[in-house]
>>> print(open('work_21.cif').read())   # mmCIF, C-alpha atoms
data_coords
#
loop_
_atom_site.group_PDB
_atom_site.id
_atom_site.type_symbol
_atom_site.label_atom_id
_atom_site.label_comp_id
_atom_site.auth_asym_id
_atom_site.auth_seq_id
_atom_site.Cartn_x
_atom_site.Cartn_y
_atom_site.Cartn_z
ATOM 1 C CA MET A 1 -10.462 6.022 -10.204
ATOM 2 C CA ARG A 2 -8.324 3.127 -9.020
ATOM 3 C CA VAL A 3 -6.680 3.643 -5.630
ATOM 4 C CA TYR A 4 -4.408 1.393 -3.616
ATOM 5 C CA VAL A 5 -5.081 1.148 0.121
ATOM 6 C CA PRO A 6 -2.185 -0.107 2.268
ATOM 7 C CA LEU A 7 -3.098 -2.558 5.028
ATOM 8 C CA THR A 8 -1.752 -5.390 7.134
ATOM 9 C CA LEU A 9 -3.327 -8.847 7.326
ATOM 10 C CA PRO A 10 -5.101 -7.915 10.605
ATOM 11 C CA GLY A 11 -6.354 -4.754 8.874
ATOM 12 C CA LEU A 12 -7.620 -6.845 5.967
ATOM 13 C CA ALA A 13 -9.383 -9.171 8.429
ATOM 14 C CA GLU A 14 -11.092 -6.150 10.047
ATOM 15 C CA ALA A 15 -12.169 -4.831 6.646
ATOM 16 C CA HIS A 16 -13.511 -8.249 5.662
ATOM 17 C CA LYS A 17 -15.496 -8.512 8.905
ATOM 18 C CA ALA A 18 -16.873 -4.959 8.576
ATOM 19 C CA GLY A 19 -17.469 -5.225 4.835
ATOM 20 C CA GLU A 20 -15.642 -1.959 4.263
ATOM 21 C CA LEU A 21 -12.278 -0.244 4.265
ATOM 22 C CA GLY A 22 -12.496 2.429 6.891
ATOM 23 C CA PRO A 23 -13.530 4.364 8.762
ATOM 24 C CA GLY A 24 -12.513 7.446 6.835
ATOM 25 C CA PRO A 25 -10.468 9.338 6.201
ATOM 26 C CA LEU A 26 -8.411 6.697 4.435
ATOM 27 C CA THR A 27 -4.915 7.142 3.078
ATOM 28 C CA ALA A 28 -4.432 5.523 -0.302
ATOM 29 C CA TYR A 29 -2.173 5.861 -3.334
ATOM 30 C CA ALA A 30 -3.183 6.641 -6.901
ATOM 31 C CA VAL A 31 -1.945 8.008 -10.184
ATOM 32 C CA THR A 32 -1.840 11.693 -9.248
ATOM 33 C CA PRO A 33 -0.465 14.566 -11.366
ATOM 34 C CA ALA A 34 2.644 14.644 -9.160
ATOM 35 C CA LEU A 35 3.176 10.885 -9.580
ATOM 36 C CA ARG A 36 2.808 11.255 -13.370
ATOM 37 C CA GLU A 37 5.409 14.035 -13.414
ATOM 38 C CA TRP A 38 7.806 12.110 -11.160
ATOM 39 C CA TYR A 39 7.496 8.824 -13.073
ATOM 40 C CA VAL A 40 7.614 10.498 -16.507
ATOM 41 C CA SER A 41 5.534 7.910 -18.321
ATOM 42 C CA ASP A 42 2.237 7.918 -20.144
ATOM 43 C CA ASP A 43 1.758 4.166 -19.752
ATOM 44 C CA ILE A 44 -1.155 3.816 -17.316
ATOM 45 C CA GLU A 45 -0.118 0.285 -16.297
ATOM 46 C CA GLU A 46 3.357 1.501 -15.323
ATOM 47 C CA LEU A 47 1.863 4.450 -13.445
ATOM 48 C CA GLU A 48 -0.570 2.206 -11.567
ATOM 49 C CA TYR A 49 2.310 -0.132 -10.702
ATOM 50 C CA ALA A 50 4.186 2.872 -9.288
ATOM 51 C CA ALA A 51 1.140 3.787 -7.169
ATOM 52 C CA LEU A 52 0.852 0.152 -6.011
ATOM 53 C CA SER A 53 4.543 0.190 -5.059
ATOM 54 C CA ARG A 54 4.020 3.371 -3.009
ATOM 55 C CA ALA A 55 1.128 1.648 -1.211
ATOM 56 C CA ALA A 56 3.315 -1.415 -0.549
ATOM 57 C CA ALA A 57 5.900 0.867 1.080
ATOM 58 C CA ALA A 58 3.131 2.368 3.233
ATOM 59 C CA SER A 59 2.009 -1.146 4.194
ATOM 60 C CA LEU A 60 5.570 -1.835 5.357
ATOM 61 C CA ARG A 61 5.304 1.228 7.612
ATOM 62 C CA LEU A 62 2.052 -0.129 9.042
ATOM 63 C CA LEU A 63 3.827 -3.426 9.762
ATOM 64 C CA ALA A 64 6.654 -1.590 11.513
ATOM 65 C CA GLY A 65 4.032 -0.102 13.848
ATOM 66 C CA ASP A 66 2.293 -3.444 14.515
ATOM 67 C CA PRO A 67 4.853 -5.977 15.780
ATOM 68 C CA GLY A 68 2.168 -8.653 16.216
ATOM 69 C CA ALA A 69 1.069 -8.644 12.574
ATOM 70 C CA LEU A 70 2.223 -11.374 10.223
ATOM 71 C CA ARG A 71 5.043 -9.880 8.153
ATOM 72 C CA ARG A 72 3.315 -9.675 4.784
ATOM 73 C CA ARG A 73 2.538 -6.406 3.015
ATOM 74 C CA VAL A 74 -1.078 -6.054 1.885
ATOM 75 C CA VAL A 75 -2.611 -3.577 -0.571
ATOM 76 C CA VAL A 76 -6.258 -3.467 -1.621
ATOM 77 C CA ALA A 77 -6.964 -2.086 -5.101
ATOM 78 C CA VAL A 78 -10.341 -0.371 -5.024
ATOM 79 C CA ASP A 79 -12.316 1.737 -7.462
ATOM 80 C CA VAL A 80 -13.771 4.995 -6.150
ATOM 81 C CA PRO A 81 -15.520 7.884 -7.915
ATOM 82 C CA ASP A 82 -13.035 10.349 -9.437
ATOM 83 C CA GLY A 83 -13.773 13.099 -6.910
ATOM 84 C CA ALA A 84 -13.548 10.795 -3.880
ATOM 85 C CA ALA A 85 -9.743 10.613 -3.803
ATOM 86 C CA VAL A 86 -8.042 13.954 -3.197
ATOM 87 C CA ALA A 87 -4.305 14.593 -3.504
ATOM 88 C CA ASP A 88 -2.478 17.371 -1.694
ATOM 89 C CA PRO A 89 -1.766 19.898 -4.471
ATOM 90 C CA GLY A 90 1.380 21.069 -2.662
ATOM 91 C CA GLN A 91 2.964 17.641 -2.843
ATOM 92 C CA GLY A 92 6.469 18.011 -4.236
ATOM 93 C CA LEU A 93 8.226 15.552 -6.514
ATOM 94 C CA GLY A 94 10.683 14.584 -3.801
ATOM 95 C CA SER A 95 7.961 14.044 -1.247
ATOM 96 C CA ALA A 96 7.686 10.731 0.581
ATOM 97 C CA SER A 97 3.924 11.046 0.130
ATOM 98 C CA LEU A 98 4.099 11.091 -3.674
ATOM 99 C CA GLY A 99 0.874 9.600 -5.083
ATOM 100 C CA GLU A 100 -0.833 9.793 -1.712
ATOM 101 C CA VAL A 101 -4.537 10.607 -1.693
ATOM 102 C CA ARG A 102 -7.192 10.925 0.998
ATOM 103 C CA ILE A 103 -10.636 9.378 0.830
ATOM 104 C CA ALA A 104 -13.043 11.083 3.214
ATOM 105 C CA SER A 105 -15.258 8.134 4.083
ATOM 106 C CA ALA A 106 -15.222 4.360 4.313
ATOM 107 C CA VAL A 107 -15.252 2.403 1.043
ATOM 108 C CA PRO A 108 -17.327 -0.770 0.689
ATOM 109 C CA LEU A 109 -15.103 -3.802 0.265
ATOM 110 C CA ALA A 110 -17.431 -4.761 -2.591
ATOM 111 C CA LYS A 111 -15.736 -1.960 -4.597
ATOM 112 C CA ALA A 112 -12.387 -3.756 -4.316
ATOM 113 C CA ALA A 113 -10.956 -5.027 -7.584
ATOM 114 C CA ALA A 114 -8.172 -7.151 -6.061
ATOM 115 C CA VAL A 115 -5.904 -7.705 -3.112
ATOM 116 C CA HIS A 116 -2.127 -7.673 -3.510
ATOM 117 C CA ALA A 117 -0.069 -9.410 -0.821
ATOM 118 C CA ASP A 118 3.352 -10.872 -0.222
ATOM 119 C CA SER A 119 3.854 -14.609 -0.579
ATOM 120 C CA ASP A 120 4.960 -16.663 2.394
ATOM 121 C CA ASP A 121 8.553 -16.696 1.144
ATOM 122 C CA ALA A 122 8.760 -12.892 1.499
ATOM 123 C CA GLU A 123 8.043 -12.897 5.239
ATOM 124 C CA ALA A 124 11.676 -13.009 6.425
ATOM 125 C CA ASP A 125 12.739 -10.120 4.179
ATOM 126 C CA VAL A 126 9.622 -8.090 5.018
ATOM 127 C CA ALA A 127 10.188 -8.685 8.746
ATOM 128 C CA ALA A 128 13.800 -7.537 8.445
ATOM 129 C CA ALA A 129 12.701 -4.480 6.446
ATOM 130 C CA ALA A 130 10.057 -3.533 9.013
ATOM 131 C CA ASP A 131 12.680 -3.799 11.765
ATOM 132 C CA ALA A 132 15.192 -1.698 9.798
ATOM 133 C CA LEU A 133 12.768 1.015 8.703
ATOM 134 C CA GLY A 134 13.486 3.414 11.572
ATOM 135 C CA ALA A 135 17.242 3.287 11.039
ATOM 136 C CA ALA A 136 16.768 3.678 7.281
ATOM 137 C CA ASP A 137 14.652 6.772 7.895
ATOM 138 C CA HIS A 138 17.583 8.226 9.833
ATOM 139 C CA GLY A 139 20.034 7.743 6.983
ATOM 140 C CA ASP A 140 21.531 4.331 7.762
ATOM 141 C CA ASP A 141 22.572 2.980 4.345
ATOM 142 C CA ASP A 142 22.798 -0.629 5.551
ATOM 143 C CA ALA A 143 19.267 -0.419 6.948
ATOM 144 C CA GLN A 144 18.051 1.124 3.682
ATOM 145 C CA PHE A 145 19.546 -1.838 1.826
ATOM 146 C CA VAL A 146 17.499 -4.173 4.047
ATOM 147 C CA VAL A 147 14.336 -2.118 3.428
ATOM 148 C CA ASP A 148 14.988 -2.217 -0.314
ATOM 149 C CA GLY A 149 15.240 -6.013 -0.039
ATOM 150 C CA ALA A 150 11.513 -6.215 0.700
ATOM 151 C CA GLU A 151 10.834 -4.353 -2.539
ATOM 152 C CA ASP A 152 12.535 -7.187 -4.428
ATOM 153 C CA HIS A 153 9.444 -9.288 -3.687
ATOM 154 C CA GLU A 154 6.540 -8.721 -6.065
ATOM 155 C CA LEU A 155 3.144 -8.612 -4.425
ATOM 156 C CA LEU A 156 0.905 -11.431 -5.594
ATOM 157 C CA TRP A 157 -2.573 -10.801 -7.013
ATOM 158 C CA PHE A 158 -5.598 -12.262 -5.224
ATOM 159 C CA GLY A 159 -9.246 -12.009 -6.125
ATOM 160 C CA VAL A 160 -11.508 -10.456 -3.498
ATOM 161 C CA GLN A 161 -13.177 -13.851 -3.039
ATOM 162 C CA GLU A 162 -9.790 -15.160 -1.812
ATOM 163 C CA ILE A 163 -9.675 -12.831 1.219
ATOM 164 C CA PRO A 164 -10.901 -15.531 3.646
ATOM 165 C CA GLY A 165 -7.954 -17.734 2.630
ATOM 166 C CA LEU A 166 -5.503 -14.865 3.100
ATOM 167 C CA ILE A 167 -6.697 -13.954 6.574
ATOM 168 C CA GLY A 168 -7.514 -17.490 7.754
#
>>> encode(input="work_21.cif", output="structure tokens")
Amino acid sequence: MRVYVPLTLPGLAEAHKAGELGPGPLTAYAVTPALREWYVSDDIEELEYAALSRAAAASLRLLAGDPGALRRRVVVAVDVPDGAAVADPGQGLGSASLGEVRIASAVPLAKAAAVHADSDDAEADVAAAADALGAADHGDDDAQFVVDGAEDHELLWFGVQEIPGLIG
């Protein structure tokens, strides 16, 4: 099963140094039954993109909590055994945690298929979005517009062997 683990660049550096994503439990995003029902598509690529997008939003939340981190969203795509990622069966379609899964233990970074990260030109918009996230959560429409601006930037694909260049 492919899961998408939200991180920051410092989090990616820690994972690279340790050789694993963890310790567990890890929060990740995947194509869950609730995500399938919400997205209403049978196209697995579209569904995986939706899960990746949910992980990118979670990475933005991690950035909002780490003011010292470089303002680039990071998501690691990793393959885990089907039973390793568990979704909350009570997750509703309107839930902010749609597609969210838990992985009980650390995952070797060697299981990673790719890293997705913002380009340098996204940093200003991602920084503004991280700063506006709290106000957006409280219903501020202008702040939500700023948060949505970060989503206009597509995450770039990087091979796992490119991690040293991303964190260096």
>>> atom_distance(input="work_21.cif", atom1="atom CA of Ala136 of chain A", atom2="atom CA of Val40 of chain A")
26.4 Å
>>> residues_around(input="work_21.cif", residues="Gly83 of chain A", least_positions_apart="3", cutoff="10 Å", atoms="all atoms listed in the file", output="list in words")
Met1, Val80, Val86 and Ile103 of chain A
>>> write_last_selection(input="work_21.cif", atoms="C-alpha atoms", output="short mmCIF file (atom, residue, chain, number, x, y, z; two decimals), in the frame of the given file")
data_model
loop_
_atom_site.label_atom_id
_atom_site.label_comp_id
_atom_site.auth_asym_id
_atom_site.auth_seq_id
_atom_site.Cartn_x
_atom_site.Cartn_y
_atom_site.Cartn_z
CA MET A 1 -10.46 6.02 -10.20
CA VAL A 80 -13.77 5.00 -6.15
CA VAL A 86 -8.04 13.95 -3.20
CA ILE A 103 -10.64 9.38 0.83
#
>>> residues_near_point(input="work_21.cif", point="(5.4, -11.7, -9.2)", cutoff="12 Å", atoms="all atoms listed in the file", output="list in words")
His116, Ala117, Asp118, Ser119, Asp121, Ala122, Glu151, Asp152, His153, Glu154, Leu155, Leu156, Trp157 and Phe158 of chain A
>>> residues_around(input="work_21.cif", residues="Val78 of chain A", least_positions_apart="5", cutoff="10 Å", atoms="only C-alpha atoms", output="MDAnalysis selection string")
chainID A and resid 1:5 21 28 107:115
>>> closest_residue(input="work_21.cif", among="A:Leu63, A:Ala150, A:Leu98, A:Leu7", to="Trp38 of chain A", atoms="only C-alpha atoms")
A:Leu98
>>> atom_distance(input="work_21.cif", atom1="atom CA of Ala104 of chain A", atom2="atom CA of Leu26 of chain A")
6.5 Å
>>> residues_around(input="work_21.cif", residues="segment 49-57 of chain A", least_positions_apart="2", cutoff="7 Å", atoms="only C-alpha atoms", output="VMD selection string")
chain A and resid 4 to 6 28 to 31 45 to 47 59 to 61 73 to 75 99
>>> atom_distance(input="work_21.cif", atom1="atom CA of Ser41 of chain A", atom2="atom CA of Val146 of chain A")
28.1 Å
>>> closest_residue(input="work_21.cif", among="A:Asp148, A:Asp43, A:Asp88, A:Glu162", to="Asp125 of chain A", atoms="only C-alpha atoms")
A:Asp148
>>> closest_residue(input="work_21.cif", among="A:Ala58, A:Ile163, A:Ala129, A:Ala106", to="Gly24 of chain A", atoms="all atoms listed in the file")
A:Ala106
>>> resolve_selection(input="work_21.cif", expression="the PyMOL selection byres ((chain A and resi 143) around 10)", output="number ranges by chain")
A: 128-142, 144-149
>>> resolve_selection(input="work_21.cif", expression="the PyMOL selection byres ((chain A and resi 70) around 8)", output="PDB file with C-alpha atoms, in the frame of the given file")
ATOM      1  CA  THR A   8      -1.752  -5.390   7.134  1.00  0.00           C
ATOM      2  CA  LEU A   9      -3.327  -8.847   7.326  1.00  0.00           C
ATOM      3  CA  GLY A  68       2.168  -8.653  16.216  1.00  0.00           C
ATOM      4  CA  ALA A  69       1.069  -8.644  12.574  1.00  0.00           C
ATOM      5  CA  ARG A  71       5.043  -9.880   8.153  1.00  0.00           C
ATOM      6  CA  ARG A  72       3.315  -9.675   4.784  1.00  0.00           C
ATOM      7  CA  GLU A 123       8.043 -12.897   5.239  1.00  0.00           C
TER       8      GLU A 123
END
>>> build_atoms(input="work_21.cif", residues="segment 26-56 of chain A", atoms="N, CA and C atoms", output="mmCIF file, in the coordinates of the input")
data_model
loop_
_atom_site.group_PDB
_atom_site.id
_atom_site.type_symbol
_atom_site.label_atom_id
_atom_site.label_comp_id
_atom_site.auth_asym_id
_atom_site.auth_seq_id
_atom_site.Cartn_x
_atom_site.Cartn_y
_atom_site.Cartn_z
ATOM 1 N N LEU A 26 -9.362 7.741 4.806
ATOM 2 C CA LEU A 26 -8.411 6.697 4.435
ATOM 3 C C LEU A 26 -7.250 7.307 3.665
ATOM 4 N N THR A 27 -6.067 6.785 3.899
ATOM 5 C CA THR A 27 -4.915 7.142 3.078
ATOM 6 C C THR A 27 -4.761 6.051 2.036
ATOM 7 N N ALA A 28 -4.616 6.460 0.803
ATOM 8 C CA ALA A 28 -4.432 5.523 -0.302
ATOM 9 C C ALA A 28 -3.422 6.133 -1.268
ATOM 10 N N TYR A 29 -3.116 5.400 -2.316
ATOM 11 C CA TYR A 29 -2.173 5.861 -3.334
ATOM 12 C C TYR A 29 -2.826 5.686 -4.695
ATOM 13 N N ALA A 30 -2.563 6.649 -5.578
ATOM 14 C CA ALA A 30 -3.183 6.641 -6.901
ATOM 15 C C ALA A 30 -2.280 7.346 -7.886
ATOM 16 N N VAL A 31 -2.676 7.302 -9.137
ATOM 17 C CA VAL A 31 -1.945 8.008 -10.184
ATOM 18 C C VAL A 31 -2.384 9.478 -10.111
ATOM 19 N N THR A 32 -1.583 10.265 -9.413
ATOM 20 C CA THR A 32 -1.840 11.693 -9.248
ATOM 21 C C THR A 32 -1.001 12.475 -10.261
ATOM 22 N N PRO A 33 -1.306 13.761 -10.466
ATOM 23 C CA PRO A 33 -0.465 14.566 -11.366
ATOM 24 C C PRO A 33 1.012 14.564 -10.932
ATOM 25 N N ALA A 34 1.257 14.642 -9.639
ATOM 26 C CA ALA A 34 2.644 14.644 -9.160
ATOM 27 C C ALA A 34 3.332 13.307 -9.446
ATOM 28 N N LEU A 35 2.601 12.196 -9.285
ATOM 29 C CA LEU A 35 3.176 10.885 -9.580
ATOM 30 C C LEU A 35 3.478 10.764 -11.074
ATOM 31 N N ARG A 36 2.580 11.278 -11.918
ATOM 32 C CA ARG A 36 2.808 11.255 -13.370
ATOM 33 C C ARG A 36 4.076 12.035 -13.724
ATOM 34 N N GLU A 37 4.242 13.195 -13.123
ATOM 35 C CA GLU A 37 5.409 14.035 -13.414
ATOM 36 C C GLU A 37 6.685 13.375 -12.918
ATOM 37 N N TRP A 38 6.631 12.764 -11.742
ATOM 38 C CA TRP A 38 7.806 12.110 -11.160
ATOM 39 C C TRP A 38 8.201 10.886 -11.969
ATOM 40 N N TYR A 39 7.209 10.075 -12.383
ATOM 41 C CA TYR A 39 7.496 8.824 -13.073
ATOM 42 C C TYR A 39 7.808 9.042 -14.553
ATOM 43 N N VAL A 40 7.357 10.109 -15.115
ATOM 44 C CA VAL A 40 7.614 10.498 -16.507
ATOM 45 C C VAL A 40 7.259 9.364 -17.478
ATOM 46 N N SER A 41 6.012 8.933 -17.401
ATOM 47 C CA SER A 41 5.534 7.910 -18.321
ATOM 48 C C SER A 41 4.057 8.165 -18.605
ATOM 49 N N ASP A 42 3.644 7.819 -19.802
ATOM 50 C CA ASP A 42 2.237 7.918 -20.144
ATOM 51 C C ASP A 42 1.555 6.553 -20.098
ATOM 52 N N ASP A 43 2.308 5.514 -19.798
ATOM 53 C CA ASP A 43 1.758 4.166 -19.752
ATOM 54 C C ASP A 43 0.995 3.995 -18.442
ATOM 55 N N ILE A 44 -0.325 3.868 -18.521
ATOM 56 C CA ILE A 44 -1.155 3.816 -17.316
ATOM 57 C C ILE A 44 -0.829 2.592 -16.463
ATOM 58 N N GLU A 45 -0.470 1.474 -17.083
ATOM 59 C CA GLU A 45 -0.118 0.285 -16.297
ATOM 60 C C GLU A 45 1.147 0.526 -15.477
ATOM 61 N N GLU A 46 2.130 1.180 -16.060
ATOM 62 C CA GLU A 46 3.357 1.501 -15.323
ATOM 63 C C GLU A 46 3.058 2.476 -14.193
ATOM 64 N N LEU A 47 2.216 3.464 -14.469
ATOM 65 C CA LEU A 47 1.863 4.450 -13.445
ATOM 66 C C LEU A 47 1.100 3.791 -12.297
ATOM 67 N N GLU A 48 0.172 2.901 -12.620
ATOM 68 C CA GLU A 48 -0.570 2.206 -11.567
ATOM 69 C C GLU A 48 0.357 1.298 -10.766
ATOM 70 N N TYR A 49 1.335 0.686 -11.426
ATOM 71 C CA TYR A 49 2.310 -0.132 -10.702
ATOM 72 C C TYR A 49 3.123 0.741 -9.735
ATOM 73 N N ALA A 50 3.464 1.945 -10.171
ATOM 74 C CA ALA A 50 4.186 2.872 -9.288
ATOM 75 C C ALA A 50 3.330 3.228 -8.082
ATOM 76 N N ALA A 51 2.037 3.480 -8.287
ATOM 77 C CA ALA A 51 1.140 3.787 -7.169
ATOM 78 C C ALA A 51 1.014 2.576 -6.237
ATOM 79 N N LEU A 52 0.904 1.380 -6.818
ATOM 80 C CA LEU A 52 0.852 0.152 -6.011
ATOM 81 C C LEU A 52 2.126 -0.002 -5.181
ATOM 82 N N SER A 53 3.258 0.289 -5.773
ATOM 83 C CA SER A 53 4.543 0.190 -5.059
ATOM 84 C C SER A 53 4.606 1.175 -3.893
ATOM 85 N N ARG A 54 4.064 2.381 -4.095
ATOM 86 C CA ARG A 54 4.020 3.371 -3.009
ATOM 87 C C ARG A 54 3.139 2.855 -1.869
ATOM 88 N N ALA A 55 2.015 2.212 -2.226
ATOM 89 C CA ALA A 55 1.128 1.648 -1.211
ATOM 90 C C ALA A 55 1.804 0.490 -0.478
ATOM 91 N N ALA A 56 2.591 -0.316 -1.190
ATOM 92 C CA ALA A 56 3.315 -1.415 -0.549
ATOM 93 C C ALA A 56 4.316 -0.877 0.468
#
